[in-house]
Amino acid sequence: MNSTLSFTLNGMRREVAIDDPRITLLDLLRERLDLTGTKKGCDRGQCGACTVLLNGRRVNACLTLALSCDDAEVLTIEGLSEGDHLHPVQAAFIEHDGFQCGFCTPGQIMSAVGLIQEGQAGDDPERVREGMSGNLCRCGAYAGITAAVLEAQAQLHRQTQGEAA
Amino acid sequence: MNRFDYLRPASVAEAISAGRKPGSAYLAAGTNLLDLMKGGVARPALLIDITRLPGLDGIEVLPNGGMRVGALVRNSDLAYHPVFSKRHPAVAEALLSGASAQLRNAATVAGNLLQRTRCAYFYDTASACNKREPGAGCDARDGENHLHAVLGWSPECIATHPSDFCVPLVALDASVEIEGPTGSRVVPLDSFHRLPGSEPQLETVLSPGELVVALHLPASAAGYAAHSRYLKVRERTSYAFAVVSAAASLRLEGGVVSEARLALGGVALKPWRARAAEQVLAGRACDEAAFAEAAEVALADAKPSGDNAFKIELARRILVRALGLAAAGTPDRMPALPGSVFAQPEGLALHA
Ligand SMILES: Cc1cc2nc3c(=O)[nH]c(=O)nc-3n(C[C@H](O)[C@H](O)[C@H](O)COP(=O)(O)OP(=O)(O)OC[C@H]3O[C@@H](n4cnc5c(N)ncnc54)[C@H](O)[C@@H]3O)c2cc1C
Ligand code: SF4
Ligand code: FES
Ligand code: FES
């Protein structure tokens with residue numbers, strides 16, 4: 001079976017021939033489109049390393065069938081910064097030592113972007129930790145991650161308030 | 001993973017006619033099905049992607065006062081829906097206690113109901129499993145079975161149903177709307193999942209091609225909104241399945257229980273409604289003695305299926321605690337740690 005998948009990836013319209021229906025969104029990104037920023041940890045939905053935004057919502061790319069993403073919008077870690085200008089969540093992870101080895105980091109950052117957009121956690125660190133529990137960190141950088149998410153969220157809120165004013 | 005054909009039908013009728021064929025499977029978000037396919041546990045020849053089917057993603061209040069939730073509504077959208085979460089706070093809490101934010105953003109209502117057991121031997125194709133291969137035997141019987149069933153199990157299968165969502169749903173008399181090759185029907189959730197008996201490979205009452213299109217909650221279910229909780233013991237604080245869980249919903253009149261709705265999770269191959277225990281509470285004062293008696297009755301028929309006698313006492317205690325929380329009243333805001341036995345009073349943190 002040969003199908004064509006057309007979707008928007010990091011703001012660019014893409015058409016990709018899919019020769020094998022088994023391919024997941026994660027493998028499509030990493031193996032076919034050379035976007036290796038999205039990581040494969042467990043490949044089974046258990047670690048969050050593969051987190052991307054699908055139609056604006058954080059999901060596990062390893063449990064998403066590529067073909068089911070037809071017409072969708074996908075945002076990966078590669079599409080987050082504006083040129084050399086880091087996204088506030090990226091900058092906050094550096095500022096707060098939100099990582100050590102860095103393997104979980106793209107997933108953590110995409111998850112944090114999703115969490116902030118969802119707007120359910122507020123500025124309660126307990127809610128942020130719970131909302132980020134789908135992203136494991138073997139290095140145990142959790143304290144820095146929580147601090148980074150809270151600061152980035154506060155900064156993004158200031159930005160949107162500034163724009164509204 | 002085996003090779004399969006992929007179909008994206010444009011209508012429910014088209015989906016059903018494809019779904020009747022042996023070897024086909026409906027694909028919703030795939031968070032359970034793709035996992036099983038990667039392990040070779042599920043090997044469908046045809047995947048029918050139902051995620052684009054029209055009309056299955058609504059959340060509505062019906063003229064009769066009940067609610068109808070489309071099969072494709074995502075778990076997080078239902079949990080945060082302003083009307084649904086106010087009417088059915090224990091259901092929202094159960095949803096938010098399950099899996100992770102990423103998985104809940106993807107997972108659908110029907111997929112959650114139809115998720116398969118987490119028995120490790122079911123997942124491991126090198127092990128004997130009657131559910132995967134009827135007649136093969138059950139390696140869980142003499143294996144690692146501390147998380148297996150204590151109610152409703154059979155010598156052929158001691159697995160549990162892993163859904164959190166289903167536990168308050170079964171307590172609140174939810175039902176499942178199904179479309180199939182011969183028309184549509186509505187089945188109470190309590191009779192939707194089957195107990196294992198001698199045919200553990202038969203998991204639900206769905207016949208080939210039948211598609212879940214919606215979930216219904218009766219108008220009466222909203223009458224418990226002020227006193228409804230879900231409580232879940234996990235082996236870690238978050239992002240884990242229930243060892244044991246309980247849903248408790250009460251209607252109180254002047255400190256007396258007028259009606260109770262109770263169910264347990266993680267104890268059987270279906271969400272376990274505790275009707276006899278509900279009867280114990282009706283007309284009783286809301287106190288620890290009544291809760292303990294109800295818990296005793298709820299677990300009266302429980303038997304260990306292996307190394308899991310502890311789950312019986314754990315279930316009693318979780319039920320008593322859930323009842324205490326429900327009696328105290330549904331919190332105005334969803335707790336920071338939904339369903340958690342470690343939840344702290346609002347404003348206090350579990351972690352430093
Ligand atoms: C790491 C991890 C942790 C998890 N933790 C929890 C937890 O703590 N609590 C919990 O409750 N769940 C948990 N889950 C399970 C999760 O809730 C399910 O995977 C999810 O709800 C399945 O929904 P889906 O839409 O992805 O279904 P799919 O995977 O697409 O489908 C699941 C099954 O349902 C069938 N199906 C789907 N829709 C229909 C329909 N409309 N009609 C008929 N058949 C249909 C499919 O054919 C398939 O057999 C966890 C999952 C993972 C991977
Ligand atoms: S308990 Fe059930 S699912 Fe687990 S191995 Fe035995 S038969 Fe299979
Ligand atoms: S790689 Fe997807 S969750 Fe681990
Ligand atoms: S920084 Fe190493 S796994 Fe998180």
# chains A, B, ... in the order shown; residues from 1 in each chain; ligands from 1
$ residues_around --residues "Ser81 (chain A)" --least-positions-apart "3" --cutoff "12 Å" --atoms "only C-alpha atoms" --output "ChimeraX atom specification"
/A:10-11,75-78,84-91,109-110,113
$ residues_near_ligand --ligand "ligand 1" --cutoff "6 Å" --atoms "only C-alpha atoms and all ligand atoms" --output "number ranges by chain"
A: 45-46; B: 25-33, 71, 98-99, 107-108, 110-112, 114-115, 162-165, 211-213, 239-241
$ residues_near_ligand --ligand "ligand 4" --cutoff "9 Å" --atoms "only C-alpha atoms and all ligand atoms" --output "PyMOL selection string"
chain A and resi 49+98-105+108+135-142
$ closest_atom_pairs --of "chain A" --to "ligand 3" --cutoff "12 Å" --atoms "only C-alpha atoms and all ligand atoms" --output "JSON lines"
{"residue": "A:Thr24", "atom": "CA", "partner": "ligand 3", "partner_atom_place_in_ligand_line": "2 (Fe)", "distance": 10.2}
{"residue": "A:Leu25", "atom": "CA", "partner": "ligand 3", "partner_atom_place_in_ligand_line": "2 (Fe)", "distance": 10.1}
{"residue": "A:Leu26", "atom": "CA", "partner": "ligand 3", "partner_atom_place_in_ligand_line": "2 (Fe)", "distance": 7.8}
{"residue": "A:Asp27", "atom": "CA", "partner": "ligand 3", "partner_atom_place_in_ligand_line": "1 (S)", "distance": 10.2}
{"residue": "A:Arg30", "atom": "CA", "partner": "ligand 3", "partner_atom_place_in_ligand_line": "1 (S)", "distance": 11.7}
{"residue": "A:Thr38", "atom": "CA", "partner": "ligand 3", "partner_atom_place_in_ligand_line": "1 (S)", "distance": 8.8}
{"residue": "A:Lys39", "atom": "CA", "partner": "ligand 3", "partner_atom_place_in_ligand_line": "1 (S)", "distance": 6.5}
{"residue": "A:Lys40", "atom": "CA", "partner": "ligand 3", "partner_atom_place_in_ligand_line": "1 (S)", "distance": 4.1}
{"residue": "A:Gly41", "atom": "CA", "partner": "ligand 3", "partner_atom_place_in_ligand_line": "1 (S)", "distance": 4.1}
{"residue": "A:Cys42", "atom": "CA", "partner": "ligand 3", "partner_atom_place_in_ligand_line": "4 (Fe)", "distance": 3.9}
{"residue": "A:Asp43", "atom": "CA", "partner": "ligand 3", "partner_atom_place_in_ligand_line": "1 (S)", "distance": 3.8}
{"residue": "A:Arg44", "atom": "CA", "partner": "ligand 3", "partner_atom_place_in_ligand_line": "3 (S)", "distance": 5.5}
{"residue": "A:Gly45", "atom": "CA", "partner": "ligand 3", "partner_atom_place_in_ligand_line": "3 (S)", "distance": 3.4}
{"residue": "A:Gln46", "atom": "CA", "partner": "ligand 3", "partner_atom_place_in_ligand_line": "3 (S)", "distance": 4.5}
{"residue": "A:Cys47", "atom": "CA", "partner": "ligand 3", "partner_atom_place_in_ligand_line": "4 (Fe)", "distance": 3.9}
{"residue": "A:Gly48", "atom": "CA", "partner": "ligand 3", "partner_atom_place_in_ligand_line": "3 (S)", "distance": 3.9}
{"residue": "A:Ala49", "atom": "CA", "partner": "ligand 3", "partner_atom_place_in_ligand_line": "1 (S)", "distance": 5.1}
{"residue": "A:Cys50", "atom": "CA", "partner": "ligand 3", "partner_atom_place_in_ligand_line": "2 (Fe)", "distance": 4.4}
{"residue": "A:Thr51", "atom": "CA", "partner": "ligand 3", "partner_atom_place_in_ligand_line": "2 (Fe)", "distance": 6.7}
{"residue": "A:Val52", "atom": "CA", "partner": "ligand 3", "partner_atom_place_in_ligand_line": "2 (Fe)", "distance": 9.7}
{"residue": "A:Arg58", "atom": "CA", "partner": "ligand 3", "partner_atom_place_in_ligand_line": "3 (S)", "distance": 11.4}
{"residue": "A:Val59", "atom": "CA", "partner": "ligand 3", "partner_atom_place_in_ligand_line": "2 (Fe)", "distance": 8.7}
{"residue": "A:Asn60", "atom": "CA", "partner": "ligand 3", "partner_atom_place_in_ligand_line": "2 (Fe)", "distance": 5.0}
{"residue": "A:Ala61", "atom": "CA", "partner": "ligand 3", "partner_atom_place_in_ligand_line": "2 (Fe)", "distance": 5.9}
{"residue": "A:Cys62", "atom": "CA", "partner": "ligand 3", "partner_atom_place_in_ligand_line": "2 (Fe)", "distance": 4.3}
{"residue": "A:Leu63", "atom": "CA", "partner": "ligand 3", "partner_atom_place_in_ligand_line": "2 (Fe)", "distance": 6.6}
{"residue": "A:Thr64", "atom": "CA", "partner": "ligand 3", "partner_atom_place_in_ligand_line": "2 (Fe)", "distance": 9.1}
{"residue": "A:Phe103", "atom": "CA", "partner": "ligand 3", "partner_atom_place_in_ligand_line": "1 (S)", "distance": 11.0}
{"residue": "A:Cys104", "atom": "CA", "partner": "ligand 3", "partner_atom_place_in_ligand_line": "4 (Fe)", "distance": 9.4}
{"residue": "A:Pro106", "atom": "CA", "partner": "ligand 3", "partner_atom_place_in_ligand_line": "1 (S)", "distance": 11.5}
{"residue": "A:Gly107", "atom": "CA", "partner": "ligand 3", "partner_atom_place_in_ligand_line": "3 (S)", "distance": 8.9}
{"residue": "A:Gln108", "atom": "CA", "partner": "ligand 3", "partner_atom_place_in_ligand_line": "3 (S)", "distance": 11.2}
{"residue": "A:Ser111", "atom": "CA", "partner": "ligand 3", "partner_atom_place_in_ligand_line": "3 (S)", "distance": 11.4}
{"residue": "A:Ser133", "atom": "CA", "partner": "ligand 3", "partner_atom_place_in_ligand_line": "3 (S)", "distance": 11.6}
{"residue": "A:Gly134", "atom": "CA", "partner": "ligand 3", "partner_atom_place_in_ligand_line": "3 (S)", "distance": 8.0}
{"residue": "A:Asn135", "atom": "CA", "partner": "ligand 3", "partner_atom_place_in_ligand_line": "3 (S)", "distance": 7.9}
{"residue": "A:Leu136", "atom": "CA", "partner": "ligand 3", "partner_atom_place_in_ligand_line": "4 (Fe)", "distance": 8.7}
{"residue": "A:Cys137", "atom": "CA", "partner": "ligand 3", "partner_atom_place_in_ligand_line": "4 (Fe)", "distance": 11.0}
$ closest_atom_pairs --of "chain B" --to "ligand 2" --cutoff "10 Å" --atoms "only C-alpha atoms and all ligand atoms" --output "Markdown table"
| residue | atom | partner | partner_atom_place_in_ligand_line | distance |
| --- | --- | --- | --- | --- |
| B:Arg116 | CA | ligand 2 | 3 (S) | 9.0 |
| B:Thr117 | CA | ligand 2 | 3 (S) | 6.6 |
| B:Arg118 | CA | ligand 2 | 3 (S) | 7.7 |
| B:Cys119 | CA | ligand 2 | 4 (Fe) | 4.7 |
| B:Ala120 | CA | ligand 2 | 4 (Fe) | 6.7 |
| B:Tyr121 | CA | ligand 2 | 5 (S) | 4.4 |
| B:Phe122 | CA | ligand 2 | 3 (S) | 4.6 |
| B:Tyr123 | CA | ligand 2 | 3 (S) | 8.1 |
| B:Asp124 | CA | ligand 2 | 5 (S) | 8.7 |
| B:Thr125 | CA | ligand 2 | 5 (S) | 9.9 |
| B:Ser127 | CA | ligand 2 | 5 (S) | 7.3 |
| B:Ala128 | CA | ligand 2 | 5 (S) | 6.2 |
| B:Cys129 | CA | ligand 2 | 8 (Fe) | 3.6 |
| B:Asn130 | CA | ligand 2 | 7 (S) | 4.1 |
| B:Lys131 | CA | ligand 2 | 7 (S) | 4.7 |
| B:Arg132 | CA | ligand 2 | 8 (Fe) | 6.4 |
| B:Glu133 | CA | ligand 2 | 8 (Fe) | 8.2 |
| B:Pro134 | CA | ligand 2 | 7 (S) | 8.3 |
| B:Gly135 | CA | ligand 2 | 7 (S) | 9.2 |
| B:Ala136 | CA | ligand 2 | 7 (S) | 8.4 |
| B:Gly137 | CA | ligand 2 | 7 (S) | 6.7 |
| B:Cys138 | CA | ligand 2 | 6 (Fe) | 3.8 |
| B:Asp139 | CA | ligand 2 | 5 (S) | 5.1 |
| B:Ala140 | CA | ligand 2 | 5 (S) | 4.8 |
| B:Arg141 | CA | ligand 2 | 6 (Fe) | 6.5 |
| B:Asp142 | CA | ligand 2 | 6 (Fe) | 9.6 |
| B:Gly143 | CA | ligand 2 | 5 (S) | 8.9 |
| B:Glu144 | CA | ligand 2 | 4 (Fe) | 10.0 |
| B:Asn145 | CA | ligand 2 | 1 (S) | 8.2 |
| B:His148 | CA | ligand 2 | 1 (S) | 7.2 |
| B:Ala149 | CA | ligand 2 | 1 (S) | 8.4 |
| B:Trp153 | CA | ligand 2 | 1 (S) | 8.8 |
| B:Ser154 | CA | ligand 2 | 2 (Fe) | 9.0 |
| B:Pro155 | CA | ligand 2 | 6 (Fe) | 8.6 |
| B:Glu156 | CA | ligand 2 | 7 (S) | 5.8 |
| B:Cys157 | CA | ligand 2 | 2 (Fe) | 3.7 |
| B:Ile158 | CA | ligand 2 | 1 (S) | 4.1 |
| B:Ala159 | CA | ligand 2 | 1 (S) | 4.0 |
| B:Thr160 | CA | ligand 2 | 1 (S) | 7.8 |
| B:His161 | CA | ligand 2 | 3 (S) | 9.8 |
| B:Pro196 | CA | ligand 2 | 2 (Fe) | 7.9 |
| B:Ser198 | CA | ligand 2 | 7 (S) | 9.9 |
| B:Glu199 | CA | ligand 2 | 7 (S) | 9.3 |
| B:Pro200 | CA | ligand 2 | 7 (S) | 6.6 |
| B:Gln201 | CA | ligand 2 | 7 (S) | 8.2 |
| B:Leu269 | CA | ligand 2 | 2 (Fe) | 8.9 |
| B:Ser305 | CA | ligand 2 | 1 (S) | 9.5 |
$ select_by_dssp --residues "region 10-156 of chain A" --states "strand (DSSP E or B)" --output "ChimeraX atom specification"
/A:12-18,24,51-54,57-60,65,73-75,82,85
$ residues_around --residues "region 3-5 of chain A" --least-positions-apart "2" --cutoff "8 Å" --atoms "only C-alpha atoms" --output "list of chain:residue names"
A:Met1, A:Phe7, A:Arg14, A:Glu15, A:Val16, A:Ala17, A:Ile18, A:Asp19, A:Ala66, A:Leu67, A:Cys69, A:Asp70, A:Asp71
$ closest_residue --among "B:Ala225, B:Ile48, B:Ala336, B:Ala309" --to "Pro89 (chain B)" --atoms "only C-alpha atoms"
B:Ala225
$ interface_residues --of "chain B" --to "chain A" --cutoff "7 Å" --atoms "only C-alpha atoms" --output "list in words"
Arg3, Tyr6, Ala29, Gly30, Thr31, Leu34, Asp35, Ser100, Ala101, Gln102, Leu103, Asn105, Ala106, Ser238, Tyr239, Ala336, Leu337 and Ala349 of chain B
$ write_last_selection --atoms "C-alpha atoms" --output "PDB file, in the first residue's frame"
ATOM      1  CA  ARG B   3       1.786  -5.584   8.217  1.00  0.00           C
ATOM      2  CA  TYR B   6      -5.208   0.945   6.665  1.00  0.00           C
ATOM      3  CA  ALA B  29      -5.968   7.199  19.339  1.00  0.00           C
ATOM      4  CA  GLY B  30      -4.005   3.959  19.329  1.00  0.00           C
ATOM      5  CA  THR B  31      -2.458   4.469  22.759  1.00  0.00           C
ATOM      6  CA  LEU B  34      -0.455   0.353  18.869  1.00  0.00           C
ATOM      7  CA  ASP B  35       1.287  -0.662  22.080  1.00  0.00           C
ATOM      8  CA  SER B 100      -0.372  11.157  31.729  1.00  0.00           C
ATOM      9  CA  ALA B 101      -1.448  14.489  30.269  1.00  0.00           C
ATOM     10  CA  GLN B 102      -0.087  13.427  26.869  1.00  0.00           C
ATOM     11  CA  LEU B 103      -1.999  10.149  26.879  1.00  0.00           C
ATOM     12  CA  ASN B 105      -4.977  14.356  25.306  1.00  0.00           C
ATOM     13  CA  ALA B 106      -5.002  11.510  22.795  1.00  0.00           C
ATOM     14  CA  SER B 238       1.384   9.634  39.390  1.00  0.00           C
ATOM     15  CA  TYR B 239       1.381   8.076  35.905  1.00  0.00           C
ATOM     16  CA  ALA B 336      -3.697  19.084  42.675  1.00  0.00           C
ATOM     17  CA  LEU B 337      -3.149  15.314  42.725  1.00  0.00           C
ATOM     18  CA  ALA B 349       2.443  20.400  48.810  1.00  0.00           C
TER      19      ALA B 349
END
$ residues_around --residues "region 256-263 of chain B" --least-positions-apart "3" --cutoff "6 Å" --atoms "only C-alpha atoms" --output "list in words"
Val167, Ala171, Ala246, Ala247, Ala248, Ser249, Leu250, Arg251, Leu252, Glu253, Trp272, Arg273, Ala274, Glu278, Ala282, Gly283, Arg284, Ala285 and Cys286 of chain B
$ write_last_selection --atoms "N, CA, C and O atoms" --output "CSV table (one decimal), in the first residue's frame"
chain,number,residue,atom,x,y,z
B,167,VAL,N,-14.7,3.2,36.6
B,167,VAL,CA,-15.1,2.9,38.0
B,167,VAL,C,-16.2,3.8,38.4
B,167,VAL,O,-17.3,3.3,38.8
B,171,ALA,N,-20.5,3.1,38.8
B,171,ALA,CA,-21.2,3.4,40.0
B,171,ALA,C,-22.5,4.3,39.6
B,171,ALA,O,-23.5,4.2,40.3
B,246,ALA,N,-11.4,3.2,44.3
B,246,ALA,CA,-12.8,3.2,44.6
B,246,ALA,C,-13.5,4.5,44.2
B,246,ALA,O,-12.8,5.6,44.3
B,247,ALA,N,-14.7,4.4,43.8
B,247,ALA,CA,-15.5,5.6,43.5
B,247,ALA,C,-16.7,5.6,44.5
B,247,ALA,O,-17.3,4.6,44.7
B,248,ALA,N,-16.9,6.7,45.1
B,248,ALA,CA,-18.0,6.8,46.1
B,248,ALA,C,-18.8,8.1,45.8
B,248,ALA,O,-18.2,9.2,45.7
B,249,SER,N,-20.1,7.9,45.7
B,249,SER,CA,-21.0,9.0,45.4
B,249,SER,C,-22.2,8.9,46.4
B,249,SER,O,-22.8,7.8,46.5
B,250,LEU,N,-22.5,10.0,47.1
B,250,LEU,CA,-23.5,10.0,48.1
B,250,LEU,C,-24.5,11.1,47.8
B,250,LEU,O,-24.2,12.1,47.3
B,251,ARG,N,-25.8,10.8,48.2
B,251,ARG,CA,-26.8,11.8,48.4
B,251,ARG,C,-27.1,11.9,49.9
B,251,ARG,O,-27.5,10.9,50.5
B,252,LEU,N,-26.9,13.1,50.5
B,252,LEU,CA,-27.1,13.2,51.9
B,252,LEU,C,-28.2,14.1,52.2
B,252,LEU,O,-28.5,15.1,51.5
B,253,GLU,N,-29.0,13.7,53.2
B,253,GLU,CA,-30.0,14.6,53.7
B,253,GLU,C,-29.9,14.7,55.2
B,253,GLU,O,-30.1,13.7,55.9
B,272,TRP,N,-16.1,-2.8,39.2
B,272,TRP,CA,-16.9,-3.6,40.1
B,272,TRP,C,-17.9,-2.8,40.9
B,272,TRP,O,-17.5,-2.1,41.9
B,273,ARG,N,-19.1,-2.9,40.5
B,273,ARG,CA,-20.2,-2.2,41.3
B,273,ARG,C,-20.5,-2.9,42.6
B,273,ARG,O,-20.7,-4.1,42.6
B,274,ALA,N,-20.6,-2.2,43.7
B,274,ALA,CA,-20.8,-2.8,45.0
B,274,ALA,C,-22.2,-2.5,45.5
B,274,ALA,O,-22.4,-1.7,46.4
B,278,GLU,N,-24.0,-0.5,48.9
B,278,GLU,CA,-24.8,0.7,48.8
B,278,GLU,C,-26.0,0.6,49.7
B,278,GLU,O,-26.4,1.5,50.3
B,282,ALA,N,-27.7,3.0,52.8
B,282,ALA,CA,-29.0,3.8,52.6
B,282,ALA,C,-29.7,4.0,54.0
B,282,ALA,O,-29.9,3.0,54.7
B,283,GLY,N,-30.0,5.2,54.3
B,283,GLY,CA,-30.7,5.5,55.6
B,283,GLY,C,-29.8,5.6,56.8
B,283,GLY,O,-30.3,5.8,57.9
B,284,ARG,N,-28.5,5.4,56.6
B,284,ARG,CA,-27.5,5.4,57.7
B,284,ARG,C,-26.9,6.7,57.9
B,284,ARG,O,-26.7,7.5,57.0
B,285,ALA,N,-26.5,7.0,59.2
B,285,ALA,CA,-25.8,8.2,59.5
B,285,ALA,C,-24.4,8.1,58.8
B,285,ALA,O,-23.9,7.0,58.6
B,286,CYS,N,-23.9,9.2,58.4
B,286,CYS,CA,-22.6,9.2,57.7
B,286,CYS,C,-21.4,9.1,58.6
B,286,CYS,O,-20.9,10.1,59.0
$ select_by_dssp --residues "region 27-96 of chain A" --states "alpha helix (DSSP H)" --output "count of residues only"
9
$ atom_distance --atom1 "CA of Glu288 (chain B)" --atom2 "CA of Arg317 (chain B)"
10.9 Å
$ residues_around --residues "region 56-63 of chain B" --least-positions-apart "5" --cutoff "6 Å" --atoms "only C-alpha atoms" --output "PyMOL selection string"
chain B and resi 68-73
$ write_last_selection --atoms "C-alpha atoms" --output "CSV table (one decimal), in the first residue's frame"
chain,number,residue,atom,x,y,z
B,68,ARG,CA,-24.4,11.9,26.0
B,69,VAL,CA,-20.7,11.8,25.3
B,70,GLY,CA,-19.4,10.9,21.9
B,71,ALA,CA,-17.0,7.9,21.6
B,72,LEU,CA,-14.2,10.1,20.1
B,73,VAL,CA,-14.2,12.7,22.9
$ atom_distance --atom1 "CA of Val205 (chain B)" --atom2 "CA of Ile16 (chain B)"
15.9 Å
$ residues_around --residues "Leu150 (chain A)" --least-positions-apart "2" --cutoff "8 Å" --atoms "only C-alpha atoms" --output "JSON, numbers by chain"
{"A": [123, 125, 128, 146, 147, 148, 152, 153, 154]}
